>>> print(open('target27.txt').read())   # compact mmCIF, N, CA and C atoms
# COMPACT_ATOMS: atom_id res chain seq x y z
N MET W 1 -7.34 -15.78 -1.02
CA MET W 1 -7.99 -15.29 0.15
C MET W 1 -6.92 -14.78 1.10
N GLN W 2 -7.23 -13.73 1.83
CA GLN W 2 -6.26 -13.19 2.78
C GLN W 2 -6.64 -13.57 4.21
N ALA W 3 -5.63 -13.61 5.06
CA ALA W 3 -5.80 -13.94 6.47
C ALA W 3 -4.69 -13.26 7.26
N THR W 4 -4.76 -13.39 8.58
CA THR W 4 -3.75 -12.85 9.48
C THR W 4 -3.20 -14.00 10.32
N VAL W 5 -1.89 -14.08 10.44
CA VAL W 5 -1.27 -15.15 11.21
C VAL W 5 -1.64 -15.00 12.68
N ARG W 6 -2.15 -16.06 13.25
CA ARG W 6 -2.49 -16.10 14.68
C ARG W 6 -1.34 -16.73 15.45
N THR W 7 -0.91 -17.93 15.00
CA THR W 7 0.20 -18.62 15.64
C THR W 7 1.07 -19.27 14.56
N TYR W 8 2.34 -19.47 14.88
CA TYR W 8 3.24 -20.21 14.01
C TYR W 8 4.29 -20.88 14.87
N ASP W 9 4.50 -22.18 14.66
CA ASP W 9 5.50 -22.94 15.39
C ASP W 9 6.61 -23.33 14.42
N PRO W 10 7.79 -22.71 14.53
CA PRO W 10 8.87 -23.02 13.58
C PRO W 10 9.36 -24.46 13.68
N ALA W 11 9.17 -25.11 14.80
CA ALA W 11 9.61 -26.50 14.94
C ALA W 11 8.76 -27.44 14.09
N THR W 12 7.45 -27.19 14.02
CA THR W 12 6.56 -28.05 13.24
C THR W 12 6.19 -27.42 11.90
N ARG W 13 6.54 -26.13 11.70
CA ARG W 13 6.21 -25.37 10.49
C ARG W 13 4.71 -25.34 10.23
N SER W 14 3.92 -25.31 11.29
CA SER W 14 2.47 -25.25 11.17
C SER W 14 1.96 -24.16 12.11
N GLY W 15 0.67 -23.84 11.96
CA GLY W 15 0.12 -22.81 12.82
C GLY W 15 -1.35 -22.56 12.51
N THR W 16 -1.80 -21.36 12.87
CA THR W 16 -3.20 -20.99 12.65
C THR W 16 -3.26 -19.56 12.11
N VAL W 17 -4.36 -19.28 11.41
CA VAL W 17 -4.63 -17.94 10.90
C VAL W 17 -6.04 -17.54 11.27
N PHE W 18 -6.27 -16.22 11.31
CA PHE W 18 -7.61 -15.65 11.43
C PHE W 18 -8.06 -15.23 10.04
N LEU W 19 -9.24 -15.65 9.63
CA LEU W 19 -9.85 -15.07 8.44
C LEU W 19 -10.41 -13.71 8.81
N ASP W 20 -10.77 -12.91 7.83
CA ASP W 20 -11.27 -11.56 8.12
C ASP W 20 -12.57 -11.57 8.93
N ASP W 21 -13.32 -12.68 8.89
CA ASP W 21 -14.55 -12.77 9.67
C ASP W 21 -14.31 -13.31 11.08
N GLY W 22 -13.04 -13.55 11.42
CA GLY W 22 -12.69 -14.03 12.76
C GLY W 22 -12.55 -15.54 12.87
N THR W 23 -12.88 -16.27 11.83
CA THR W 23 -12.74 -17.72 11.84
C THR W 23 -11.27 -18.09 11.94
N VAL W 24 -10.97 -19.09 12.76
CA VAL W 24 -9.60 -19.58 12.91
C VAL W 24 -9.46 -20.86 12.08
N LEU W 25 -8.43 -20.89 11.24
CA LEU W 25 -8.11 -22.08 10.46
C LEU W 25 -6.67 -22.49 10.75
N ALA W 26 -6.44 -23.79 10.84
CA ALA W 26 -5.09 -24.31 11.03
C ALA W 26 -4.46 -24.58 9.68
N PHE W 27 -3.13 -24.43 9.61
CA PHE W 27 -2.43 -24.83 8.40
C PHE W 27 -1.33 -25.83 8.77
N PRO W 28 -1.19 -26.88 7.95
CA PRO W 28 -0.18 -27.90 8.21
C PRO W 28 1.18 -27.50 7.64
N ALA W 29 2.20 -28.25 8.00
CA ALA W 29 3.55 -27.99 7.50
C ALA W 29 3.60 -28.04 5.98
N ARG W 30 2.83 -28.93 5.34
CA ARG W 30 2.89 -29.04 3.88
C ARG W 30 2.40 -27.77 3.20
N ALA W 31 1.46 -27.03 3.82
CA ALA W 31 1.01 -25.75 3.25
C ALA W 31 2.11 -24.71 3.36
N PHE W 32 2.82 -24.69 4.48
CA PHE W 32 3.93 -23.76 4.66
C PHE W 32 5.07 -24.12 3.71
N ASP W 33 5.40 -25.40 3.60
CA ASP W 33 6.50 -25.86 2.76
C ASP W 33 6.23 -25.65 1.27
N ALA W 34 4.97 -25.53 0.88
CA ALA W 34 4.62 -25.33 -0.53
C ALA W 34 5.03 -23.94 -1.02
N GLY W 35 5.22 -23.00 -0.11
CA GLY W 35 5.57 -21.63 -0.49
C GLY W 35 7.02 -21.31 -0.25
N PRO W 36 7.39 -20.04 -0.47
CA PRO W 36 8.79 -19.64 -0.38
C PRO W 36 9.23 -19.13 0.99
N LEU W 37 8.40 -19.25 2.00
CA LEU W 37 8.68 -18.61 3.29
C LEU W 37 9.66 -19.39 4.14
N LEU W 38 10.37 -18.65 4.99
CA LEU W 38 11.27 -19.25 5.97
C LEU W 38 10.68 -19.23 7.37
N LEU W 39 9.82 -18.24 7.66
CA LEU W 39 9.14 -18.15 8.95
C LEU W 39 7.98 -17.18 8.84
N LEU W 40 7.15 -17.20 9.85
CA LEU W 40 6.01 -16.27 9.96
C LEU W 40 6.00 -15.71 11.37
N ARG W 41 5.34 -14.58 11.55
CA ARG W 41 5.15 -14.03 12.90
C ARG W 41 3.69 -13.63 13.06
N SER W 42 3.22 -13.65 14.29
CA SER W 42 1.84 -13.28 14.58
C SER W 42 1.55 -11.88 14.07
N GLY W 43 0.39 -11.72 13.47
CA GLY W 43 -0.03 -10.41 12.97
C GLY W 43 0.29 -10.17 11.51
N GLN W 44 1.10 -11.02 10.89
CA GLN W 44 1.41 -10.83 9.47
C GLN W 44 0.19 -11.14 8.62
N ARG W 45 0.01 -10.34 7.56
CA ARG W 45 -1.04 -10.62 6.58
C ARG W 45 -0.49 -11.61 5.58
N VAL W 46 -1.29 -12.60 5.25
CA VAL W 46 -0.87 -13.65 4.33
C VAL W 46 -1.96 -13.93 3.32
N ASN W 47 -1.56 -14.50 2.20
CA ASN W 47 -2.48 -15.06 1.22
C ASN W 47 -2.51 -16.55 1.46
N ILE W 48 -3.70 -17.14 1.39
CA ILE W 48 -3.83 -18.58 1.56
C ILE W 48 -4.65 -19.15 0.42
N ALA W 49 -4.33 -20.38 0.05
CA ALA W 49 -5.15 -21.15 -0.87
C ALA W 49 -5.80 -22.25 -0.05
N VAL W 50 -7.09 -22.45 -0.27
CA VAL W 50 -7.86 -23.41 0.52
C VAL W 50 -8.51 -24.41 -0.43
N SER W 51 -8.45 -25.69 -0.06
CA SER W 51 -9.15 -26.74 -0.79
C SER W 51 -10.05 -27.43 0.22
N GLY W 52 -11.35 -27.32 0.01
CA GLY W 52 -12.29 -27.82 1.02
C GLY W 52 -12.17 -26.94 2.24
N GLU W 53 -11.79 -27.53 3.35
CA GLU W 53 -11.58 -26.76 4.58
C GLU W 53 -10.11 -26.76 4.99
N GLU W 54 -9.21 -27.17 4.08
CA GLU W 54 -7.79 -27.26 4.42
C GLU W 54 -6.98 -26.21 3.67
N ILE W 55 -6.11 -25.52 4.41
CA ILE W 55 -5.18 -24.58 3.78
C ILE W 55 -4.10 -25.41 3.08
N THR W 56 -3.91 -25.14 1.78
CA THR W 56 -2.95 -25.90 1.00
C THR W 56 -1.70 -25.09 0.65
N PHE W 57 -1.75 -23.77 0.83
CA PHE W 57 -0.63 -22.90 0.48
C PHE W 57 -0.75 -21.63 1.30
N ILE W 58 0.37 -21.17 1.84
CA ILE W 58 0.38 -19.92 2.60
C ILE W 58 1.63 -19.13 2.22
N THR W 59 1.45 -17.84 1.99
CA THR W 59 2.57 -16.97 1.66
C THR W 59 2.24 -15.55 2.09
N LEU W 60 3.20 -14.67 2.06
CA LEU W 60 2.96 -13.27 2.43
C LEU W 60 1.97 -12.64 1.47
N SER W 61 1.25 -11.64 1.93
CA SER W 61 0.23 -11.01 1.09
C SER W 61 0.83 -10.27 -0.10
N THR W 62 2.13 -10.01 -0.09
CA THR W 62 2.77 -9.35 -1.23
C THR W 62 3.24 -10.34 -2.30
N PHE W 63 3.14 -11.64 -2.00
CA PHE W 63 3.54 -12.67 -2.97
C PHE W 63 2.28 -13.26 -3.61
N PRO W 64 2.37 -13.64 -4.88
CA PRO W 64 1.19 -14.23 -5.54
C PRO W 64 0.96 -15.68 -5.10
N LEU W 65 -0.29 -16.09 -5.20
CA LEU W 65 -0.62 -17.49 -4.99
C LEU W 65 -0.33 -18.25 -6.28
N PRO W 66 -0.07 -19.55 -6.18
CA PRO W 66 0.17 -20.31 -7.40
C PRO W 66 -1.10 -20.39 -8.24
N SER W 67 -0.93 -20.48 -9.54
CA SER W 67 -2.10 -20.57 -10.42
C SER W 67 -2.62 -21.97 -10.51
>>> encode(input="target27.txt", output="structure tokens")
Amino acid sequence: MQATVRTYDPATRSGTVFLDDGTVLAFPARAFDAGPLLLLRSGQRVNIAVSGEEITFITLSTFPLPS
């Protein structure tokens, strides 16, 4: 699923994204740490993996999600 970065805090490595329908979801540090990223900025398009209502993986839209 794709989303757009709303906020990102490099100190906590967590933040929020907008889904395409405008829904805001938070992502924890473990979702950020699961991927190859070093930082994010507001407005970036990202791919996210979701389990239930929790984001479990976040990466740039040009990178694949884990299988």
>>> closest_residue(input="target27.txt", among="W:Met1, W:Ala11, W:Leu19, W:Leu37", to="Ala49 of chain W", atoms="all atoms listed in the file")
W:Met1
>>> closest_residue(input="target27.txt", among="W:Pro66, W:Gly15, W:Pro28, W:Gly22", to="Ser42 of chain W", atoms="only C-alpha atoms")
W:Gly15
>>> residues_around(input="target27.txt", residues="Pro36 of chain W", least_positions_apart="4", cutoff="7 Å", atoms="only N, CA and C atoms", output="JSON, numbers by chain")
{"W": [32, 58, 59]}
>>> closest_residue(input="target27.txt", among="W:Ser67, W:Thr23, W:Ser61, W:Thr56", to="Gly35 of chain W", atoms="all atoms listed in the file")
W:Thr56
>>> residues_around(input="target27.txt", residues="Phe27 of chain W", least_positions_apart="2", cutoff="6 Å", atoms="all atoms listed in the file", output="PyMOL selection string")
chain W and resi 14-17+25+29+31+55
>>> select_by_dssp(input="target27.txt", residues="chain W", states="strand (DSSP E or B)", output="JSON, numbers by chain")
{"W": [2, 3, 4, 5, 6, 7, 8, 9, 14, 15, 16, 17, 18, 19, 24, 25, 26, 27, 45, 46, 47, 48, 49, 50, 51, 54, 55, 56, 57, 58, 59, 60]}
>>> atom_distance(input="target27.txt", atom1="atom C of Arg41 of chain W", atom2="atom N of Arg6 of chain W")
6.3 Å
>>> closest_residue(input="target27.txt", among="W:Leu60, W:Leu65, W:Leu40, W:Val46", to="Thr7 of chain W", atoms="all atoms listed in the file")
W:Leu40
>>> select_by_dssp(input="target27.txt", residues="chain W", states="helix (DSSP H, G or I)", output="PyMOL selection string")
chain W and resi 29-33
>>> atom_distance(input="target27.txt", atom1="atom C of Thr4 of chain W", atom2="atom CA of Ala26 of chain W")
10.5 Å
>>> atom_distance(input="target27.txt", atom1="atom CA of Phe57 of chain W", atom2="atom N of Asp9 of chain W")
15.1 Å
>>> closest_residue(input="target27.txt", among="W:Phe63, W:Asp20, W:Arg13, W:Val5", to="Gln44 of chain W", atoms="only N, CA and C atoms")
W:Val5
>>> closest_residue(input="target27.txt", among="W:Leu39, W:Val50, W:Val24, W:Ala34", to="Tyr8 of chain W", atoms="only C-alpha atoms")
W:Leu39
